[in-house]
$ cat coords-v6.txt   # compact mmCIF, C-alpha atoms
# COMPACT_ATOMS: atom_id res chain seq x y z
CA MET A 744 161.14 51.07 20.21
CA THR A 745 162.41 47.65 21.25
CA ALA A 746 161.64 45.36 24.17
CA GLU A 747 165.35 45.15 24.99
CA THR A 748 165.94 48.86 25.44
CA GLY A 749 162.49 50.19 26.15
CA VAL A 750 163.20 53.58 24.55
CA HIS A 751 161.91 55.33 21.45
CA SER A 752 164.36 56.26 18.68
CA ARG A 753 163.74 59.09 16.28
CA SER A 754 167.09 58.73 14.52
CA GLY A 755 167.32 54.94 14.31
CA GLY A 756 170.88 54.88 15.67
CA SER A 757 174.18 56.72 15.38
CA GLY A 758 175.31 55.29 12.07
CA ALA A 759 178.66 54.29 13.60
CA GLU A 760 180.02 50.81 13.06
CA GLY A 761 180.98 48.21 15.65
CA PRO A 762 179.33 47.13 18.90
CA PHE A 763 178.81 49.47 21.83
CA PRO A 764 181.58 49.02 24.46
CA TYR A 765 179.08 47.72 27.06
CA ARG A 766 176.26 45.24 26.58
CA LEU A 767 174.20 46.72 29.42
CA ILE A 768 173.48 50.31 30.48
CA ALA A 769 171.96 50.52 33.97
CA THR A 770 170.51 53.86 35.00
CA ASP A 771 168.95 55.16 38.17
CA LEU A 772 165.75 57.12 37.56
CA ASP A 773 165.34 60.25 39.73
CA GLY A 774 168.29 62.62 39.55
CA THR A 775 169.95 60.51 36.86
CA LEU A 776 167.89 59.47 33.84
CA LEU A 777 165.15 61.96 34.69
CA ARG A 778 165.53 65.70 34.84
CA ASP A 779 164.15 67.57 37.83
CA ASP A 780 160.76 67.86 36.10
CA ALA A 781 160.56 64.02 35.99
CA THR A 782 161.08 63.82 32.22
CA ALA A 783 163.91 62.35 30.15
CA SER A 784 165.48 64.74 27.67
CA PRO A 785 165.20 63.95 23.94
CA ARG A 786 169.00 63.99 23.79
CA THR A 787 169.27 61.27 26.45
CA VAL A 788 166.57 59.18 24.78
CA GLU A 789 168.41 59.48 21.45
CA ALA A 790 171.74 58.46 22.98
CA LEU A 791 170.20 55.38 24.61
CA ALA A 792 168.54 54.45 21.31
CA ALA A 793 171.84 54.85 19.47
CA ALA A 794 173.57 52.57 21.98
CA ALA A 795 170.73 50.07 21.59
CA ALA A 796 171.22 50.09 17.82
CA ARG A 797 174.77 48.92 18.50
CA GLY A 798 173.76 46.10 20.84
CA ALA A 799 173.40 47.61 24.34
CA ALA A 800 170.37 46.85 26.51
CA HIS A 801 169.05 49.44 28.95
CA ILE A 802 167.73 48.63 32.42
CA VAL A 803 166.16 51.20 34.75
CA VAL A 804 167.21 50.61 38.37
CA THR A 805 165.22 52.69 40.85
CA GLY A 806 164.43 52.97 44.52
CA ARG A 807 160.79 53.57 43.61
CA SER A 808 158.52 50.55 43.98
CA VAL A 809 156.59 49.35 40.92
CA PRO A 810 153.38 51.36 41.57
CA TRP A 811 155.45 54.57 41.71
CA THR A 812 157.51 53.58 38.63
CA LYS A 813 155.20 52.04 36.06
CA HIS A 814 153.51 55.29 34.97
CA ILE A 815 156.89 56.95 34.36
CA LEU A 816 158.08 54.00 32.27
CA ALA A 817 154.84 54.09 30.28
CA ASP A 818 155.32 57.81 29.59
CA LEU A 819 158.86 57.06 28.37
CA GLY A 820 157.64 54.27 26.10
CA TYR A 821 159.95 51.96 28.05
CA THR A 822 159.19 48.24 27.58
CA GLY A 823 162.30 46.59 29.03
CA LEU A 824 163.10 45.28 32.50
CA ALA A 825 163.15 47.61 35.49
CA VAL A 826 164.63 46.91 38.91
CA CYS A 827 162.39 48.62 41.47
CA GLY A 828 162.12 49.04 45.24
CA GLN A 829 165.90 49.16 45.89
CA GLY A 830 166.30 45.76 44.21
CA ALA A 831 163.22 44.12 45.74
CA GLN A 832 161.30 43.85 42.47
CA VAL A 833 162.15 43.02 38.86
CA TYR A 834 159.39 44.41 36.66
CA ASP A 835 158.73 43.63 33.00
CA ALA A 836 157.41 46.96 31.74
CA GLY A 837 156.35 45.56 28.36
CA ALA A 838 154.26 42.78 29.90
CA GLU A 839 153.25 44.95 32.90
CA ARG A 840 154.18 42.11 35.23
CA VAL A 841 156.31 41.74 38.36
CA LEU A 842 158.78 38.90 37.72
CA THR A 843 160.45 38.68 41.14
CA SER A 844 159.67 40.20 44.52
CA VAL A 845 161.37 40.21 47.94
CA THR A 846 159.40 41.35 50.99
CA LEU A 847 160.50 42.87 54.27
CA ASP A 848 159.84 40.71 57.35
CA ARG A 849 157.35 42.86 59.23
CA ARG A 850 158.17 41.55 62.70
CA LEU A 851 161.86 42.07 62.08
CA ALA A 852 161.14 45.57 60.81
CA GLN A 853 159.20 46.45 63.96
CA LEU A 854 162.06 45.15 66.09
CA ALA A 855 164.53 47.22 64.06
CA ILE A 856 162.41 50.35 64.52
CA ALA A 857 162.24 49.76 68.26
CA LYS A 858 166.04 49.49 68.40
CA ILE A 859 166.49 52.68 66.37
CA GLU A 860 163.98 54.62 68.47
CA ALA A 861 165.73 53.49 71.65
CA GLU A 862 168.78 55.29 70.27
CA THR A 863 167.26 58.31 68.49
CA GLY A 864 163.81 58.84 69.98
CA PRO A 865 160.51 58.59 68.04
CA LEU A 866 160.53 58.18 64.27
CA ALA A 867 157.92 58.99 61.65
CA VAL A 868 157.37 55.96 59.41
CA ALA A 869 155.80 55.24 56.03
CA ALA A 870 155.39 51.81 54.42
CA SER A 871 155.52 50.65 50.80
CA GLN A 872 153.23 47.68 50.20
CA ASP A 873 154.36 44.87 47.92
CA GLY A 874 152.80 44.13 44.54
CA MET A 875 151.81 45.83 41.28
CA ASP A 876 149.22 48.00 42.99
CA GLY A 877 150.72 48.25 46.47
CA GLU A 878 150.00 51.51 48.26
CA VAL A 879 152.35 53.75 50.21
CA LEU A 880 150.96 54.24 53.70
CA ILE A 881 151.96 57.41 55.56
CA GLY A 882 152.13 57.11 59.34
CA PRO A 883 151.61 59.91 61.87
CA GLY A 884 154.08 62.78 61.52
CA TYR A 885 155.64 61.60 58.27
CA ARG A 886 156.42 64.47 55.87
CA GLU A 887 155.35 63.77 52.29
CA GLN A 888 157.92 64.32 49.56
CA GLY A 889 155.82 66.61 47.41
CA LYS A 890 156.15 64.65 44.15
CA GLY A 891 152.41 64.26 43.64
CA LEU A 892 152.60 60.50 44.19
CA PRO A 893 149.56 58.67 45.60
CA VAL A 894 149.67 57.90 49.32
CA VAL A 895 147.25 56.73 51.99
CA MET A 896 147.28 58.53 55.34
CA CYS A 897 147.16 56.33 58.46
CA THR A 898 146.03 57.40 61.91
CA HIS A 899 147.90 54.68 63.79
CA ARG A 900 151.28 53.07 63.05
CA ASP A 901 149.76 49.61 63.47
CA GLU A 902 147.99 50.09 60.12
CA LEU A 903 151.37 50.01 58.37
CA TRP A 904 151.81 46.29 59.04
CA ALA A 905 148.48 45.09 57.61
CA GLN A 906 149.86 43.87 54.25
CA PRO A 907 153.21 42.51 52.94
CA LEU A 908 155.79 45.28 52.48
CA ASN A 909 158.89 45.79 50.36
CA LYS A 910 160.32 48.64 52.47
CA LEU A 911 159.79 51.31 55.10
CA TYR A 912 160.62 55.02 54.94
CA LEU A 913 162.04 56.61 58.09
CA GLN A 914 162.17 60.25 59.21
CA HIS A 915 163.27 61.96 62.41
CA PRO A 916 162.17 65.41 63.64
CA GLY A 917 165.69 66.45 64.60
CA LEU A 918 168.25 64.35 62.74
CA GLY A 919 169.24 65.09 59.15
CA THR A 920 169.02 62.45 56.45
CA ASP A 921 172.68 61.40 56.61
CA GLU A 922 172.65 61.37 60.43
CA LEU A 923 169.53 59.23 60.61
CA ALA A 924 170.82 56.75 58.03
CA LYS A 925 174.08 56.39 59.93
CA ALA A 926 172.36 55.96 63.31
CA ALA A 927 169.84 53.46 61.96
CA SER A 928 172.55 51.37 60.30
CA MET A 929 174.62 51.36 63.47
CA VAL A 930 171.91 50.00 65.78
CA ALA A 931 169.79 47.88 63.41
CA GLY A 932 172.21 46.90 60.64
CA ASP A 933 172.27 43.29 61.84
CA LEU A 934 168.51 42.98 61.25
CA VAL A 935 167.82 45.04 58.11
CA SER A 936 169.63 47.09 55.52
CA ILE A 937 169.38 50.88 55.66
CA THR A 938 169.89 53.03 52.59
CA MET A 939 169.40 56.64 51.57
CA SER A 940 167.84 57.57 48.24
CA GLY A 941 167.33 61.32 48.61
CA GLU A 942 166.71 64.17 51.01
CA ASP A 943 164.42 62.93 53.81
CA LEU A 944 164.42 59.45 52.22
CA VAL A 945 166.01 56.96 54.60
CA GLU A 946 164.75 53.49 53.73
CA MET A 947 164.64 50.17 55.57
CA ILE A 948 164.84 47.13 53.28
CA PRO A 949 165.49 43.39 53.73
CA LEU A 950 168.96 42.58 55.04
CA GLY A 951 171.49 42.25 52.20
CA LEU A 952 169.16 43.64 49.56
CA SER A 953 170.49 46.33 47.22
CA LYS A 954 170.14 47.68 43.72
CA ALA A 955 173.11 45.49 42.79
CA LYS A 956 171.22 42.35 43.86
CA GLY A 957 168.20 43.24 41.76
CA LEU A 958 170.33 44.31 38.80
CA SER A 959 172.27 41.05 38.86
CA ILE A 960 168.98 39.11 38.68
CA ALA A 961 167.73 41.22 35.77
CA ALA A 962 171.09 41.04 33.98
CA ARG A 963 171.08 37.23 34.18
CA ARG A 964 167.73 37.22 32.41
CA LEU A 965 169.41 39.10 29.56
CA GLY A 966 172.52 36.93 29.63
CA VAL A 967 174.73 39.88 30.60
CA ARG A 968 177.48 39.98 33.24
CA ALA A 969 178.75 42.71 35.55
CA ARG A 970 181.93 43.15 33.52
CA GLU A 971 179.78 44.08 30.50
CA THR A 972 177.82 46.76 32.36
CA ILE A 973 178.07 50.54 32.77
CA ALA A 974 175.93 52.06 35.54
CA PHE A 975 174.82 55.63 36.31
CA GLY A 976 173.56 56.96 39.66
CA ASP A 977 173.38 59.92 42.02
CA MET A 978 172.62 58.81 45.60
CA PRO A 979 174.10 56.46 48.24
CA ASN A 980 171.56 53.75 47.35
CA ASP A 981 173.34 53.58 43.98
CA LEU A 982 176.71 52.71 45.53
CA PRO A 983 176.27 48.90 45.33
CA MET A 984 175.13 49.13 41.71
CA LEU A 985 178.09 51.27 40.67
CA ALA A 986 180.45 48.92 42.52
CA TRP A 987 178.88 45.87 40.80
CA ALA A 988 179.23 47.28 37.29
CA ALA A 989 182.47 47.32 35.33
CA HIS A 990 182.24 51.12 35.09
CA GLY A 991 180.36 53.16 37.68
CA VAL A 992 179.41 56.73 36.74
CA ALA A 993 178.22 59.43 39.14
CA MET A 994 176.19 62.40 37.97
CA ALA A 995 177.65 65.83 38.73
CA ASN A 996 174.67 66.39 41.07
CA ALA A 997 175.46 63.20 43.00
CA HIS A 998 175.82 62.79 46.76
CA PRO A 999 179.45 63.23 47.97
CA GLU A 1000 179.67 59.51 48.81
CA LEU A 1001 179.15 58.63 45.14
CA LEU A 1002 181.42 61.37 43.84
CA ALA A 1003 184.21 60.01 46.06
CA VAL A 1004 184.19 56.47 44.67
CA ALA A 1005 182.80 56.60 41.13
CA ASP A 1006 185.02 55.53 38.23
CA GLU A 1007 183.92 58.64 36.39
CA ILE A 1008 181.79 61.76 36.94
CA THR A 1009 179.59 63.01 34.11
CA GLU A 1010 177.43 66.12 33.77
CA SER A 1011 174.31 66.54 35.92
CA ASN A 1012 170.88 65.11 35.17
CA GLU A 1013 169.80 68.61 34.10
CA ALA A 1014 172.75 68.83 31.67
CA ASP A 1015 172.12 65.45 29.92
CA GLY A 1016 174.94 63.69 31.78
CA ILE A 1017 174.02 60.23 30.54
CA ALA A 1018 173.87 61.41 26.93
CA VAL A 1019 177.20 63.25 27.22
CA LEU A 1020 179.03 60.08 28.23
CA LEU A 1021 177.17 57.73 25.87
CA GLU A 1022 177.81 60.04 22.91
CA ARG A 1023 181.51 59.98 23.69
CA LEU A 1024 181.52 56.18 23.77
CA LEU A 1025 179.50 56.02 20.54
CA ALA A 1026 181.99 58.26 18.79
CA ALA A 1027 185.07 56.35 19.96

$ encode --input "coords-v6.txt" --output "structure tokens"
Amino acid sequence: MTAETGVHSRSGGSGAEGPFPYRLIATDLDGTLLRDDATASPRTVEALAAAAARGAAHIVVTGRSVPWTKHILADLGYTGLAVCGQGAQVYDAGAERVLTSVTLDRRLAQLAIAKIEAETGPLAVAASQDGMDGEVLIGPGYREQGKGLPVVMCTHRDELWAQPLNKLYLQHPGLGTDELAKAASMVAGDLVSITMSGEDLVEMIPLGLSKAKGLSIAARRLGVRARETIAFGDMPNDLPMLAWAAHGVAMANAHPELLAVADEITESNEADGIAVLLERLLAA
């Protein structure tokens, strides 16, 4: 295991000569690096380790905030940098320390919600608090995602604004995920950024923030540029990251928006899509 890649290697590398074609491999977490059971396959771990042995760093780039990410990284033996919270946080997994953090202006967020609700009717809202140990507060009517992640139930929406936040989660009783994301962006896109990271996961983040912003900050710390990066993702929140990288790869299970614009489509997260592509590059 190395601090640069943050992955364990059982094989010690591929044995092939020459540097890996990219100096940085950026991977989303859920639906991309992780299988549906929230584990990374041994094959994927081996492929990342083999690329690391030939000079490529690996950065996890996830919509999850640090408190919902750090235990997964620990289970993976990952000690590198991770971009969390849709780009809001850069986390050093080895040092267990948040290096950079961007918070959502709470007054601006409340104004944005009021504008959206004037268009769509009442929303259910959850809030992700900033920091290493920030909690996710679930407001009235919000449907939990069923991933066994720790949350705090709130009786009144006012409780959501008590501490600094990195993002809000939005749900609507009648609108689907894509419809809500589109409506929210249309009426509040001048105040905040709206992104979608999964089914029933419409997120409100600081204006202009994206995974690409966070990845660019982390990449600079490693001395790596966009043109030296390959990125993997599966949901619309990965679009900026795939556009930023020299080569953007969508998983076969990706949202249609990603499939339409990706430079390449690999196998699904369940079929070791990252490993399939990395092994091809390692063998070239």

$ closest_residue --input "coords-v6.txt" --among "A:Arg797, A:Lys910, A:Lys813, A:His899" --to "Tyr834 of chain A" --atoms "all atoms listed in the file"
A:Lys813

$ residues_around --input "coords-v6.txt" --residues "Gly991 of chain A" --least-positions-apart "5" --cutoff "10 Å" --atoms "all atoms listed in the file" --output "list of chain:residue names"
A:Ala769, A:Thr972, A:Ile973, A:Ala974, A:Phe975, A:Gly976, A:Asp981, A:Leu982, A:Pro983, A:Met984, A:Leu985, A:Ala986, A:Leu1001, A:Val1004, A:Ala1005, A:Asp1006, A:Glu1007, A:Ile1008

$ residues_around --input "coords-v6.txt" --residues "segment 801-812 of chain A" --least-positions-apart "5" --cutoff "9 Å" --atoms "only C-alpha atoms" --output "PDB file with C-alpha atoms, in the frame of the given file"
ATOM      1  CA  GLU A 747     165.350  45.150  24.990  1.00  0.00           C
ATOM      2  CA  THR A 748     165.940  48.860  25.440  1.00  0.00           C
ATOM      3  CA  GLY A 749     162.490  50.190  26.150  1.00  0.00           C
ATOM      4  CA  VAL A 750     163.200  53.580  24.550  1.00  0.00           C
ATOM      5  CA  ARG A 766     176.260  45.240  26.580  1.00  0.00           C
ATOM      6  CA  LEU A 767     174.200  46.720  29.420  1.00  0.00           C
ATOM      7  CA  ILE A 768     173.480  50.310  30.480  1.00  0.00           C
ATOM      8  CA  ALA A 769     171.960  50.520  33.970  1.00  0.00           C
ATOM      9  CA  THR A 770     170.510  53.860  35.000  1.00  0.00           C
ATOM     10  CA  ASP A 771     168.950  55.160  38.170  1.00  0.00           C
ATOM     11  CA  LEU A 772     165.750  57.120  37.560  1.00  0.00           C
ATOM     12  CA  ASP A 773     165.340  60.250  39.730  1.00  0.00           C
ATOM     13  CA  LEU A 776     167.890  59.470  33.840  1.00  0.00           C
ATOM     14  CA  LEU A 791     170.200  55.380  24.610  1.00  0.00           C
ATOM     15  CA  ALA A 794     173.570  52.570  21.980  1.00  0.00           C
ATOM     16  CA  ALA A 795     170.730  50.070  21.590  1.00  0.00           C
ATOM     17  CA  ALA A 817     154.840  54.090  30.280  1.00  0.00           C
ATOM     18  CA  GLY A 823     162.300  46.590  29.030  1.00  0.00           C
ATOM     19  CA  LEU A 824     163.100  45.280  32.500  1.00  0.00           C
ATOM     20  CA  ALA A 825     163.150  47.610  35.490  1.00  0.00           C
ATOM     21  CA  VAL A 826     164.630  46.910  38.910  1.00  0.00           C
ATOM     22  CA  CYS A 827     162.390  48.620  41.470  1.00  0.00           C
ATOM     23  CA  GLY A 828     162.120  49.040  45.240  1.00  0.00           C
ATOM     24  CA  GLN A 829     165.900  49.160  45.890  1.00  0.00           C
ATOM     25  CA  GLY A 830     166.300  45.760  44.210  1.00  0.00           C
ATOM     26  CA  ALA A 831     163.220  44.120  45.740  1.00  0.00           C
ATOM     27  CA  GLN A 832     161.300  43.850  42.470  1.00  0.00           C
ATOM     28  CA  VAL A 833     162.150  43.020  38.860  1.00  0.00           C
ATOM     29  CA  TYR A 834     159.390  44.410  36.660  1.00  0.00           C
ATOM     30  CA  VAL A 841     156.310  41.740  38.360  1.00  0.00           C
ATOM     31  CA  SER A 871     155.520  50.650  50.800  1.00  0.00           C
ATOM     32  CA  GLN A 872     153.230  47.680  50.200  1.00  0.00           C
ATOM     33  CA  ASP A 873     154.360  44.870  47.920  1.00  0.00           C
ATOM     34  CA  GLY A 874     152.800  44.130  44.540  1.00  0.00           C
ATOM     35  CA  MET A 875     151.810  45.830  41.280  1.00  0.00           C
ATOM     36  CA  ASP A 876     149.220  48.000  42.990  1.00  0.00           C
ATOM     37  CA  GLY A 877     150.720  48.250  46.470  1.00  0.00           C
ATOM     38  CA  GLU A 878     150.000  51.510  48.260  1.00  0.00           C
ATOM     39  CA  LEU A 892     152.600  60.500  44.190  1.00  0.00           C
ATOM     40  CA  PRO A 893     149.560  58.670  45.600  1.00  0.00           C
ATOM     41  CA  ASN A 909     158.890  45.790  50.360  1.00  0.00           C
ATOM     42  CA  LYS A 910     160.320  48.640  52.470  1.00  0.00           C
ATOM     43  CA  SER A 940     167.840  57.570  48.240  1.00  0.00           C
ATOM     44  CA  LYS A 954     170.140  47.680  43.720  1.00  0.00           C
ATOM     45  CA  ALA A 955     173.110  45.490  42.790  1.00  0.00           C
ATOM     46  CA  GLY A 957     168.200  43.240  41.760  1.00  0.00           C
ATOM     47  CA  LEU A 958     170.330  44.310  38.800  1.00  0.00           C
ATOM     48  CA  ALA A 961     167.730  41.220  35.770  1.00  0.00           C
ATOM     49  CA  ALA A 962     171.090  41.040  33.980  1.00  0.00           C
ATOM     50  CA  ASN A 980     171.560  53.750  47.350  1.00  0.00           C
ATOM     51  CA  ASP A 981     173.340  53.580  43.980  1.00  0.00           C
ATOM     52  CA  MET A 984     175.130  49.130  41.710  1.00  0.00           C
TER      53      MET A 984
END

$ closest_residue --input "coords-v6.txt" --among "A:Tyr765, A:Leu903, A:Ala924, A:Arg778" --to "Ser1011 of chain A" --atoms "only C-alpha atoms"
A:Arg778

$ residues_around --input "coords-v6.txt" --residues "Gln914 of chain A" --least-positions-apart "4" --cutoff "7 Å" --atoms "all atoms listed in the file" --output "number ranges by chain"
A: 866-868, 885, 943, 945

$ write_last_selection --input "coords-v6.txt" --atoms "C-alpha atoms" --output "mmCIF file, keeping the file's coordinate frame"
data_model
loop_
_atom_site.group_PDB
_atom_site.id
_atom_site.type_symbol
_atom_site.label_atom_id
_atom_site.label_comp_id
_atom_site.auth_asym_id
_atom_site.auth_seq_id
_atom_site.Cartn_x
_atom_site.Cartn_y
_atom_site.Cartn_z
ATOM 1 C CA LEU A 866 160.530 58.180 64.270
ATOM 2 C CA ALA A 867 157.920 58.990 61.650
ATOM 3 C CA VAL A 868 157.370 55.960 59.410
ATOM 4 C CA TYR A 885 155.640 61.600 58.270
ATOM 5 C CA ASP A 943 164.420 62.930 53.810
ATOM 6 C CA VAL A 945 166.010 56.960 54.600
#

$ atom_distance --input "coords-v6.txt" --atom1 "atom CA of Gly798 of chain A" --atom2 "atom CA of Ala781 of chain A"
26.9 Å

$ residues_around --input "coords-v6.txt" --residues "Ala1003 of chain A" --least-positions-apart "6" --cutoff "12 Å" --atoms "only C-alpha atoms" --output "VMD selection string"
chain A and resid 977 to 979 982 985 991 to 995 997

$ atom_distance --input "coords-v6.txt" --atom1 "atom CA of Ile1017 of chain A" --atom2 "atom CA of Glu887 of chain A"
28.9 Å

$ atom_distance --input "coords-v6.txt" --atom1 "atom CA of Asp780 of chain A" --atom2 "atom CA of Val1019 of chain A"
19.2 Å

$ build_atoms --input "coords-v6.txt" --residues "segment 823-840 of chain A" --atoms "N, CA and C atoms" --output "tab-separated table (two decimals), in the coordinates of the input"
chain	number	residue	atom	x	y	z
A	823	GLY	N	161.31	47.56	28.57
A	823	GLY	CA	162.30	46.59	29.03
A	823	GLY	C	162.09	46.20	30.48
A	824	LEU	N	163.15	45.65	31.09
A	824	LEU	CA	163.10	45.28	32.50
A	824	LEU	C	163.45	46.49	33.36
A	825	ALA	N	162.83	46.56	34.52
A	825	ALA	CA	163.15	47.61	35.49
A	825	ALA	C	163.33	46.96	36.86
A	826	VAL	N	164.39	47.35	37.54
A	826	VAL	CA	164.63	46.91	38.91
A	826	VAL	C	164.06	47.99	39.82
A	827	CYS	N	163.11	47.63	40.65
A	827	CYS	CA	162.39	48.62	41.47
A	827	CYS	C	162.53	48.29	42.96
A	828	GLY	N	162.15	49.27	43.80
A	828	GLY	CA	162.12	49.04	45.24
A	828	GLY	C	163.46	48.73	45.85
A	829	GLN	N	164.53	49.40	45.38
A	829	GLN	CA	165.90	49.16	45.89
A	829	GLN	C	166.38	47.74	45.62
A	830	GLY	N	165.88	47.12	44.56
A	830	GLY	CA	166.30	45.76	44.21
A	830	GLY	C	165.29	44.70	44.59
A	831	ALA	N	164.21	45.10	45.27
A	831	ALA	CA	163.22	44.12	45.74
A	831	ALA	C	162.39	43.53	44.61
A	832	GLN	N	162.19	44.28	43.54
A	832	GLN	CA	161.30	43.85	42.47
A	832	GLN	C	161.99	43.95	41.11
A	833	VAL	N	161.78	42.94	40.27
A	833	VAL	CA	162.15	43.02	38.86
A	833	VAL	C	160.84	43.06	38.08
A	834	TYR	N	160.66	44.13	37.33
A	834	TYR	CA	159.39	44.41	36.66
A	834	TYR	C	159.59	44.38	35.16
A	835	ASP	N	158.74	43.65	34.46
A	835	ASP	CA	158.73	43.63	33.00
A	835	ASP	C	157.74	44.69	32.54
A	836	ALA	N	158.27	45.84	32.09
A	836	ALA	CA	157.41	46.96	31.74
A	836	ALA	C	156.56	46.66	30.51
A	837	GLY	N	157.10	45.90	29.57
A	837	GLY	CA	156.35	45.56	28.36
A	837	GLY	C	155.15	44.69	28.66
A	838	ALA	N	155.35	43.69	29.52
A	838	ALA	CA	154.26	42.78	29.90
A	838	ALA	C	153.44	43.30	31.07
A	839	GLU	N	153.90	44.39	31.70
A	839	GLU	CA	153.25	44.95	32.90
A	839	GLU	C	153.08	43.87	33.95
A	840	ARG	N	154.22	43.25	34.30
A	840	ARG	CA	154.18	42.11	35.23
A	840	ARG	C	155.41	42.13	36.13
